[in-house]
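Asker: Please find one structure pasted underneath; my questions will follow.
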Amino acid sequence: MEAGGWICLLAPLTGALAITLAGGRISRRTAGWVSTLTTFVAFGGALTAFVAAWGRDAHDRQELSTAYTWLAAGDFEVGFQILVDPLSTVMMLVVSGVGGLIVWYSMGYMAGDDEERRYFAYMSLFVFSMLMLVEAGNFLLLLVGWGLVGLASYLLIGFWHKRPEAVAAAKKAFVMNAIGDATFALAAVLLIWETGTLEYLGVFEQVDGLSSTTVNLVALGLLGGAVAKSAQIPLHTWLPDAMEGPTPVSALIHAATMVTAGVYLLVRAHPIFEAAVDVQHLAAILGVITLLAAGLIALVQWDIKRVIAYSTMSQIGYMFMAAGVGAYGYAIFHLMTHAFFKALLFLAAGVVIHHLADEQDIRRMGGLKDALPRTHLAFLVGTLALVGIPPFAGFWSKDAAISSTLALGGALGWTLYVGALAGVLLTGAYSFRLYYAVFHGTPAEARPEAHGHGHGEGPTSMLAPVGILAMLSVVGGLVSIPGVWHPFTHWVGESAEAVVEPTTAQDYLTSALAVALGLVGLFLARRAFQADRQLVTSPAAWQVLEHKLYFDELYDALFYRPAVALSNALRRNVEEPIVERSLEEIGSGTIEVGGGVGRLQSGLLRSYALAIAFAVAVLVVVFVAVR
Amino acid sequence: MGPGVGWYLIVAAILFGTGALGVMLRRSPLIVLLSLEIMLNAGSLTLIAFSRQQGNLDGQVFALAAMAVAAAEVAIGLGLIVAMARKDMPLDVDQASTLRG
Amino acid sequence: MGEFLVWVVWFLAAGGCLTSGVAVVSLTNPFYSALALIANLASLAVLYLLLAAEFLAAAQVLVYAGAVMVMFLFVVAYLGGKADAPWAGGPPLLRTAAVVAAAALLVEVVVVLGLAWGDDLSEPAEVTDGFGGPAAIGELFLTDHLLAFEITSIVLLVAAIGGVVLGTSREREAE
């Protein structure tokens with residue numbers, strides 16, 4: 001079991017190193033193959049680990065494997081250790097599986113780019129980092145993986161580094177993630193202080209003994225990290241900008257895997273959050289706020305990728321909501337199905353973009369149904385899964401997540417429930433708005449047709465992963481049917497036992513409402529499309545939503561301007577006069593002192609004698625005083 | 001029996017001060033050398049006075065050694081003065097100040 | 001009576017010492033200064049006798065007054081007019097500073113002596129007759145202070161060589 005885990009972790013690292021060290025000696029295509037194959041090897045490793053874990057008895061499925069002691073200071077010790085247990089095997093499968101498909105897709109999408117090798121090296125680095133994050137056996141290694149995925153994200157968003165927007169977006173992503181990293185690190189320090197260990201098992205055992213302030217602070221720190229990484233409000237502004245990166249990057253990092261790391265953290269550290277229930281509920285509240293805000297903003301976006309990005313933000317809100325009320329199994333379930341259909345949507349969008357020679361504005365699309373039939377079908381499947389229409393994957397997972405809030409009950413539960421259902425309506429509306437705009441209607445204007453690809457919609461390397469993901473989006477939800485069987489949640493529940501469990505009646509009720517609302521959203525979008533107008537008609541609302549609820553402007557005024565003013569002031573008043581001037585003045589000062597001392601050396605014998613006499617006089621006084 | 005050791009010490013101190021003034025205030029190297037001799041003698045007197053006070057002959061031995069060293073020093077000093085005169089340099093300590101910073 | 005005589009001798013010797021010391025420093029003619037120094041050395045020899053340092057007194061007269069000062073007088077005679085030494089004192093600051101320094105030293109010594117007058121300087125130790133005689137000093141030189149003895153002789157050797165060197169370079173220049 002642990003062998004599988006190690007193979008899974010190290011294969012992509014090997015790939016990344018191989019591509020980096022080989023440099024220009026291998027062809028670009030070879031680099032792509034190396035990256036794809038190592039990721040699939042990782043998937044093989046994950047599968048081995050999963051099967052081995054499955055073969056064991058229930059509750060005996062945890063295996064902690066340490067490579068070596070990395071850090072030791074007094075009593076405190078941290079090892080380079082991986083934890084293979086039900087939760088981590090699920091994550092490993094998702095990351096390496098979906099990751100493998102996306103890297104394969106990239107071979108077609110990025111073909112012809114000059115810096116393909118760099119791209120594949122970064123992709124393998126990312127897969128390795130994400131796997132380290134999910135396989136870590138202690139908080140330190142988790143933090144290392146956390147930071148590395150942030151790095152990989154920065155490198156990949158800014159991949160086309162000659163574009164200033166891409167570079168700016170990469171920096172923005174990195175800085176906002178750094179805020180989360182900082183709170184996470186502080187939480188880790190607090191844990192070391194109070195519990196003396198960073199291993200999961202060690203910390204969880206001691207959670208009951210900690211004071212409530214400590215637990216709340218730690219939970220807040222972890223939540224801060226999760227919010228930044230998963231682009232929830234208030235640390236969400238980086239995600240739409242991150243769409244500057246290539247489409248496969250958006251699919252892998254900003255839909256399927258990295259942004260779900262926050263959810264993983266909430267589930268993995270659930271004992272801490274259960275001890276700090278208020279913080280856990282705060283996570284749920286932030287999730288619902290985000291899903292509503294993102295859904296609204298998605299209604300006014302014109303860029304195809306940005307619509308899907310806001311959709312991601314919204315769906316992660318659902319996952320946060322589920323994890324925040326204690327339905328860990330369903331949170332991870334929705335994570336998995338979301339990975340399938342969101343990656344599918346991004347990759348299909350990538351086919352469209354590729355076909356239209358890098359056109360991303362949906363106002364200039366339309367009527368692609370006939371030109372790209374298979375992509376159209378895939379996109380439709382993905383959209384239906386997203387909205388939650390049975391029997392597609394999203395239906396099973398999203399409705400289970402929503403009904404968990406009903407199971408929680410209370411004022412909080414009901415508020416979350418209503419918010420989540422409203423979000424379903426919005427989801428239906430914006431996603432079908434996108435679908436109709438891209439694939440239906442008449443083409444906006446004469447556009448340059450596809451370049452280079454003689455084979456219809458796209459190369460196999462691009463279409464095959466899309467097809468596979470489409471199939472997964474259809475059947476992937478069937479591992480958890482309410483009232484019938486729950487193998488998935490039982491599996492995950494061994495690592496993180498759910499706190500709430502909705503009854504079958506609640507499940508059915510929620511599903512009925514959700515499907516109804518989703519269909520309402522669909523019809524609204526269709527009617528608006530047929531009437532050739534937008535869903536949001538009030539100009540004031542349009543303005544607010546177009547400015548993404550003015551978060552960027554707020555942060556600019558609150559943080560950026562004061563910081564710039566402060567650093568300018570410091571430069572003017574401290575750096576230049578004191579630090580820079582001091583360098584010259586040290587030099588001239590030394591020269592002056594030297595000159596002064598030089599004047600003492602007059603060459604006159606008598607002044608020397610006088611100096612000696614004075615010195616003796618002083619020394620005598622000193623001696624007498626000391627005695 | 002006679003003046004105590006302290007009186008000798010006072011004499012020696014005054015002599016030392018006189019010699020010091022001479023070194024610092026006179027310009028002729030010859031006079032400076034003579035003043036130096038006075039200071040050395042004052043030191044010897046102090047040593048011998050303490051030797052008498054303690055009943056220990058070490059002070060006198062030291063004074064004798066000092067005397068020998070003073071003799072050597074005068075020899076060299078006079079040699080230097082004669083060398084200066086030979087070169088037609090003015091016999092003035094203030095003029096011999098090329099070793100300056 | 002004996003005590004009184006000792007005091008008289010002491011006063012005479014001390015007075016001679018101090019006057020000749022002042023004279024050395026203040027006379028303009030170097031020849032007279034050298035003569036004043038001889039007088040100083042003689043007075044000091046008397047003081048040494050009073051302090052039971054007979055050998056040293058004899059050595060003082062023989063070596064210092066006899067040899068060193070004669071050498072001095074030789075050089076003064078050789079230099080003749082060049083050895084004139086008027087009083088031009090130098091910058092006023094230097095003069096006042098020098099006086100201040102010397103005065104400070106003197107005051108300090110007096111203060112220290114005053115502090116120690118009562119206890120430490122009260123009783124001189126009892127000494128035998130041979131104290132300060134050549135036998136006692138010679139014995140010390142050859143046992144406890146052998147190193148000082150040897151090094152002093154090396155110093156004298158170095159001085160002799162130095163004198164020769166200084167003399168030789170003179171001769172070369174004359175050629």
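Chain lettering (A, B, ...) mirrors the order of the structure tokens, residue numbering begins at 1 for each chain separately, and ligand numbering begins at 1 in order of display.
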Within 10 Å of Asp92 of chain B, counting only C-alpha atoms, which residues show up once you throw out same-chain ones fewer than 4 positions away? Write them as a PyMOL selection string, please.

Answerer: (chain B and resi 26-30+84+96-97) or (chain C and resi 83-85)

Asker: Using DSSP on the backbone coordinates, identify the residues of chain B assigned to helix (DSSP H, G or I); present them as a PyMOL selection string.

Answerer: chain B and resi 5-25+29-54+58-86

Asker: Using only C-alpha atoms, determine which residues of chain A fall within 12 Å of chain B; present them as a list of chain:residue names.

Answerer: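 Selected residues: A:Gly594, A:Gly595, A:Gly596, A:Val597, A:Gly598, A:Arg599, A:Leu600, A:Gln601, A:Ser602, A:Gly603, A:Leu604, A:Leu605, A:Arg606, A:Ser607, A:Tyr608, A:Ala609, A:Leu610, A:Ala611, A:Ile612, A:Ala613, A:Phe614, A:Val616, A:Ala617.
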
Asker: Selected residues, N, CA and C atoms, written as a PDB file, in the first residue's frame, please.

Answerer:
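Result file out_37.pdb:
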ATOM      1  N   GLY A 594      40.815  60.238   9.840  1.00  0.00           N
ATOM      2  CA  GLY A 594      42.226  59.938   9.586  1.00  0.00           C
ATOM      3  C   GLY A 594      43.062  61.197   9.523  1.00  0.00           C
ATOM      4  N   GLY A 595      42.519  62.210   8.828  1.00  0.00           N
ATOM      5  CA  GLY A 595      43.256  63.465   8.743  1.00  0.00           C
ATOM      6  C   GLY A 595      43.467  64.079  10.116  1.00  0.00           C
ATOM      7  N   GLY A 596      42.384  64.024  10.915  1.00  0.00           N
ATOM      8  CA  GLY A 596      42.506  64.602  12.250  1.00  0.00           C
ATOM      9  C   GLY A 596      43.566  63.904  13.085  1.00  0.00           C
ATOM     10  N   VAL A 597      43.508  62.575  13.019  1.00  0.00           N
ATOM     11  CA  VAL A 597      44.506  61.825  13.787  1.00  0.00           C
ATOM     12  C   VAL A 597      45.896  62.117  13.258  1.00  0.00           C
ATOM     13  N   GLY A 598      45.979  62.288  11.947  1.00  0.00           N
ATOM     14  CA  GLY A 598      47.294  62.572  11.362  1.00  0.00           C
ATOM     15  C   GLY A 598      47.911  63.843  11.916  1.00  0.00           C
ATOM     16  N   ARG A 599      47.010  64.803  12.213  1.00  0.00           N
ATOM     17  CA  ARG A 599      47.573  66.066  12.698  1.00  0.00           C
ATOM     18  C   ARG A 599      48.222  65.925  14.076  1.00  0.00           C
ATOM     19  N   LEU A 600      47.847  64.866  14.800  1.00  0.00           N
ATOM     20  CA  LEU A 600      48.491  64.635  16.089  1.00  0.00           C
ATOM     21  C   LEU A 600      49.978  64.329  15.919  1.00  0.00           C
ATOM     22  N   GLN A 601      50.267  63.735  14.775  1.00  0.00           N
ATOM     23  CA  GLN A 601      51.667  63.361  14.565  1.00  0.00           C
ATOM     24  C   GLN A 601      52.413  64.561  14.024  1.00  0.00           C
ATOM     25  N   SER A 602      52.796  65.440  14.930  1.00  0.00           N
ATOM     26  CA  SER A 602      53.414  66.689  14.477  1.00  0.00           C
ATOM     27  C   SER A 602      54.887  66.520  14.186  1.00  0.00           C
ATOM     28  N   GLY A 603      55.463  65.463  14.707  1.00  0.00           N
ATOM     29  CA  GLY A 603      56.903  65.305  14.511  1.00  0.00           C
ATOM     30  C   GLY A 603      57.698  66.015  15.587  1.00  0.00           C
ATOM     31  N   LEU A 604      57.010  66.788  16.428  1.00  0.00           N
ATOM     32  CA  LEU A 604      57.728  67.531  17.464  1.00  0.00           C
ATOM     33  C   LEU A 604      57.961  66.631  18.661  1.00  0.00           C
ATOM     34  N   LEU A 605      59.207  66.485  18.991  1.00  0.00           N
ATOM     35  CA  LEU A 605      59.571  65.629  20.111  1.00  0.00           C
ATOM     36  C   LEU A 605      58.896  66.087  21.386  1.00  0.00           C
ATOM     37  N   ARG A 606      58.837  67.400  21.551  1.00  0.00           N
ATOM     38  CA  ARG A 606      58.358  67.913  22.829  1.00  0.00           C
ATOM     39  C   ARG A 606      56.871  67.663  23.031  1.00  0.00           C
ATOM     40  N   SER A 607      56.113  67.729  21.940  1.00  0.00           N
ATOM     41  CA  SER A 607      54.689  67.438  22.150  1.00  0.00           C
ATOM     42  C   SER A 607      54.487  65.975  22.511  1.00  0.00           C
ATOM     43  N   TYR A 608      55.313  65.114  21.949  1.00  0.00           N
ATOM     44  CA  TYR A 608      55.203  63.700  22.318  1.00  0.00           C
ATOM     45  C   TYR A 608      55.518  63.537  23.795  1.00  0.00           C
ATOM     46  N   ALA A 609      56.577  64.215  24.221  1.00  0.00           N
ATOM     47  CA  ALA A 609      56.944  64.104  25.635  1.00  0.00           C
ATOM     48  C   ALA A 609      55.812  64.621  26.515  1.00  0.00           C
ATOM     49  N   LEU A 610      55.184  65.679  26.035  1.00  0.00           N
ATOM     50  CA  LEU A 610      54.081  66.245  26.806  1.00  0.00           C
ATOM     51  C   LEU A 610      52.940  65.245  26.904  1.00  0.00           C
ATOM     52  N   ALA A 611      52.679  64.595  25.786  1.00  0.00           N
ATOM     53  CA  ALA A 611      51.603  63.613  25.789  1.00  0.00           C
ATOM     54  C   ALA A 611      51.899  62.495  26.777  1.00  0.00           C
ATOM     55  N   ILE A 612      53.134  62.070  26.784  1.00  0.00           N
ATOM     56  CA  ILE A 612      53.503  61.005  27.719  1.00  0.00           C
ATOM     57  C   ILE A 612      53.298  61.489  29.152  1.00  0.00           C
ATOM     58  N   ALA A 613      53.724  62.708  29.415  1.00  0.00           N
ATOM     59  CA  ALA A 613      53.594  63.214  30.789  1.00  0.00           C
ATOM     60  C   ALA A 613      52.127  63.238  31.211  1.00  0.00           C
ATOM     61  N   PHE A 614      51.286  63.717  30.319  1.00  0.00           N
ATOM     62  CA  PHE A 614      49.861  63.755  30.650  1.00  0.00           C
ATOM     63  C   PHE A 614      49.292  62.370  30.901  1.00  0.00           C
ATOM     64  N   VAL A 616      50.829  59.756  31.877  1.00  0.00           N
ATOM     65  CA  VAL A 616      51.294  59.227  33.164  1.00  0.00           C
ATOM     66  C   VAL A 616      50.477  59.838  34.293  1.00  0.00           C
ATOM     67  N   ALA A 617      50.243  61.153  34.183  1.00  0.00           N
ATOM     68  CA  ALA A 617      49.471  61.809  35.240  1.00  0.00           C
ATOM     69  C   ALA A 617      48.100  61.152  35.387  1.00  0.00           C
TER      70      ALA A 617
END

Asker: Find the distance between atom CA of Pro86 of chain A and atom CA of Phe50 of chain A and write it in Å to one decimal.

Answerer: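 So the two atoms, atom CA of Pro86 of chain A and atom CA of Phe50 of chain A, lie 7.6 Å apart.
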
Asker: I'd like the contact shell of segment 218-232 of chain A - 8 Å cut-off, only C-alpha atoms, skipping same-chain residues fewer than 2 positions apart - returned as a count of residues only.

Answerer: 43

Asker: Name the closest residue to chain C among the candidates A:Val618, A:Val84, A:Ala294, A:Val579; distances are taken between atoms, counting only C-alpha atoms.

Answerer: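 Using only C-alpha atoms, the shortest distance to chain C belongs to A:Val618.
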
Asker: For Tyr154 of chain A, which residue among A:Leu201, A:Ile233, A:Val277, A:Ile253 is the nearest when counting only C-alpha atoms?

Answerer: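 For Tyr154 of chain A, the nearest of the given residues is A:Ile253.
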
Asker: Tell me which protein, DNA and RNA residues are within 12 Å of segment 3-5 of chain B, counting only C-alpha atoms, leaving out same-chain ones fewer than 6 positions away, and put them as a ChimeraX atom specification.

Answerer: /B:11-12,45-55 /C:3-11,14,47-48,50-52,113,116-118,120-125

Asker: Could you name the residues that touch Ala31 of chain A at 10 Å or less, counting only C-alpha atoms, but leaving out those on the same chain fewer than 2 positions away, as a ChimeraX atom specification?

Answerer: /A:15-16,18-20,22-29,33-37,107,116-121

Asker: For the selection you just gave me, I'd like the residues written to a file as a JSON list (two decimals), in the first residue's frame, keeping C-alpha atoms.

Answerer:
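And here is the file that came out, out_16.json:
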[["chain", "number", "residue", "atom", "x", "y", "z"],
["A", 15, "GLY", "CA", 9.25, 13.46, -14.85],
["A", 16, "ALA", "CA", 9.77, 17.09, -13.98],
["A", 18, "ALA", "CA", 13.98, 14.55, -16.32],
["A", 19, "ILE", "CA", 12.48, 17.21, -18.54],
["A", 20, "THR", "CA", 14.40, 19.97, -16.79],
["A", 22, "ALA", "CA", 17.30, 17.06, -20.50],
["A", 23, "GLY", "CA", 16.65, 20.62, -21.56],
["A", 24, "GLY", "CA", 16.94, 21.13, -25.28],
["A", 25, "ARG", "CA", 18.22, 17.66, -25.92],
["A", 26, "ILE", "CA", 14.75, 16.13, -26.13],
["A", 27, "SER", "CA", 12.10, 17.16, -28.58],
["A", 28, "ARG", "CA", 9.08, 19.07, -27.39],
["A", 29, "ARG", "CA", 6.85, 16.15, -28.10],
["A", 33, "TRP", "CA", 5.11, 12.20, -23.46],
["A", 34, "VAL", "CA", 7.42, 12.08, -20.45],
["A", 35, "SER", "CA", 5.09, 14.28, -18.49],
["A", 36, "THR", "CA", 1.94, 12.42, -19.51],
["A", 37, "LEU", "CA", 3.38, 8.98, -18.91],
["A", 107, "MET", "CA", 0.08, 17.73, -25.76],
["A", 116, "GLU", "CA", 6.53, 23.44, -24.50],
["A", 117, "ARG", "CA", 9.25, 21.71, -22.53],
["A", 118, "ARG", "CA", 9.07, 24.32, -19.80],
["A", 119, "TYR", "CA", 5.32, 23.89, -19.73],
["A", 120, "PHE", "CA", 5.46, 20.15, -19.24],
["A", 121, "ALA", "CA", 8.15, 20.43, -16.60]]

Asker: Within 12 Å of segment 138-149 of chain C, counting only C-alpha atoms, which residues qualify if same-chain residues fewer than 4 places away don't, as a PDB file with C-alpha atoms, in the first residue's frame?

Answerer:
ATOM      1  CA  ASN B  56      65.580  44.518  50.617  1.00  0.00           C
ATOM      2  CA  LEU B  57      68.557  45.006  48.335  1.00  0.00           C
ATOM      3  CA  ASP B  58      66.621  44.495  45.079  1.00  0.00           C
ATOM      4  CA  GLY B  59      65.990  48.196  44.746  1.00  0.00           C
ATOM      5  CA  GLN B  60      69.651  48.989  44.828  1.00  0.00           C
ATOM      6  CA  VAL B  61      70.381  46.343  42.223  1.00  0.00           C
ATOM      7  CA  PHE B  62      67.769  47.877  39.999  1.00  0.00           C
ATOM      8  CA  ALA B  63      69.244  51.315  40.482  1.00  0.00           C
ATOM      9  CA  LEU B  64      72.652  50.022  39.520  1.00  0.00           C
ATOM     10  CA  ALA B  65      71.285  48.486  36.345  1.00  0.00           C
ATOM     11  CA  ALA B  66      69.500  51.734  35.566  1.00  0.00           C
ATOM     12  CA  ALA B  68      74.426  51.284  33.439  1.00  0.00           C
ATOM     13  CA  VAL B  69      71.609  51.721  30.953  1.00  0.00           C
TER      14      VAL B  69
ATOM     15  CA  PHE C  55      78.351  50.829  46.895  1.00  0.00           C
ATOM     16  CA  LEU C  56      75.872  52.727  44.865  1.00  0.00           C
ATOM     17  CA  GLY C 130      76.666  44.744  55.202  1.00  0.00           C
ATOM     18  CA  PHE C 131      73.495  46.159  53.728  1.00  0.00           C
ATOM     19  CA  GLY C 132      74.334  48.038  50.570  1.00  0.00           C
ATOM     20  CA  GLY C 133      77.906  46.887  50.567  1.00  0.00           C
ATOM     21  CA  PRO C 134      79.619  45.466  47.479  1.00  0.00           C
ATOM     22  CA  SER C 153      76.066  43.899  29.813  1.00  0.00           C
ATOM     23  CA  ILE C 154      74.514  43.210  26.428  1.00  0.00           C
ATOM     24  CA  VAL C 155      72.987  46.662  26.441  1.00  0.00           C
ATOM     25  CA  LEU C 156      76.388  48.160  27.062  1.00  0.00           C
TER      26      LEU C 156
END

Asker: Quick one: which segment 321-344 of chain A residues come within 10 Å of segment 408-422 of chain A, and what is the nearest atom pair for each with the distance in Å to one decimal, counting only C-alpha atoms, rows ordered by chain and ascending number, as JSON lines?

Answerer:
{"residue": "A:Met321", "atom": "CA", "partner": "A:Leu416", "partner_atom": "CA", "distance": 7.8}
{"residue": "A:Ala322", "atom": "CA", "partner": "A:Leu416", "partner_atom": "CA", "distance": 9.9}
{"residue": "A:Val325", "atom": "CA", "partner": "A:Leu408", "partner_atom": "CA", "distance": 6.8}
{"residue": "A:Gly326", "atom": "CA", "partner": "A:Leu408", "partner_atom": "CA", "distance": 8.6}
{"residue": "A:Ala327", "atom": "CA", "partner": "A:Leu408", "partner_atom": "CA", "distance": 9.4}

Asker: For the selection just defined, write its residues with N, CA and C atoms to a file, as a compact mmCIF listing (two decimals), in the first residue's frame.

Answerer:
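Output below, filename again.txt:
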# COMPACT_ATOMS: atom_id res chain seq x y z
N MET A 321 -19.33 24.62 2.02
CA MET A 321 -20.56 24.54 2.79
C MET A 321 -20.72 23.15 3.39
N ALA A 322 -20.50 22.13 2.56
CA ALA A 322 -20.65 20.77 3.05
C ALA A 322 -19.63 20.47 4.14
N VAL A 325 -20.45 22.11 7.48
CA VAL A 325 -21.47 21.58 8.38
C VAL A 325 -21.13 20.17 8.86
N GLY A 326 -20.05 19.63 8.36
CA GLY A 326 -19.61 18.34 8.86
C GLY A 326 -19.91 17.17 7.93
N ALA A 327 -20.37 17.46 6.72
CA ALA A 327 -20.64 16.35 5.79
C ALA A 327 -19.41 16.13 4.92
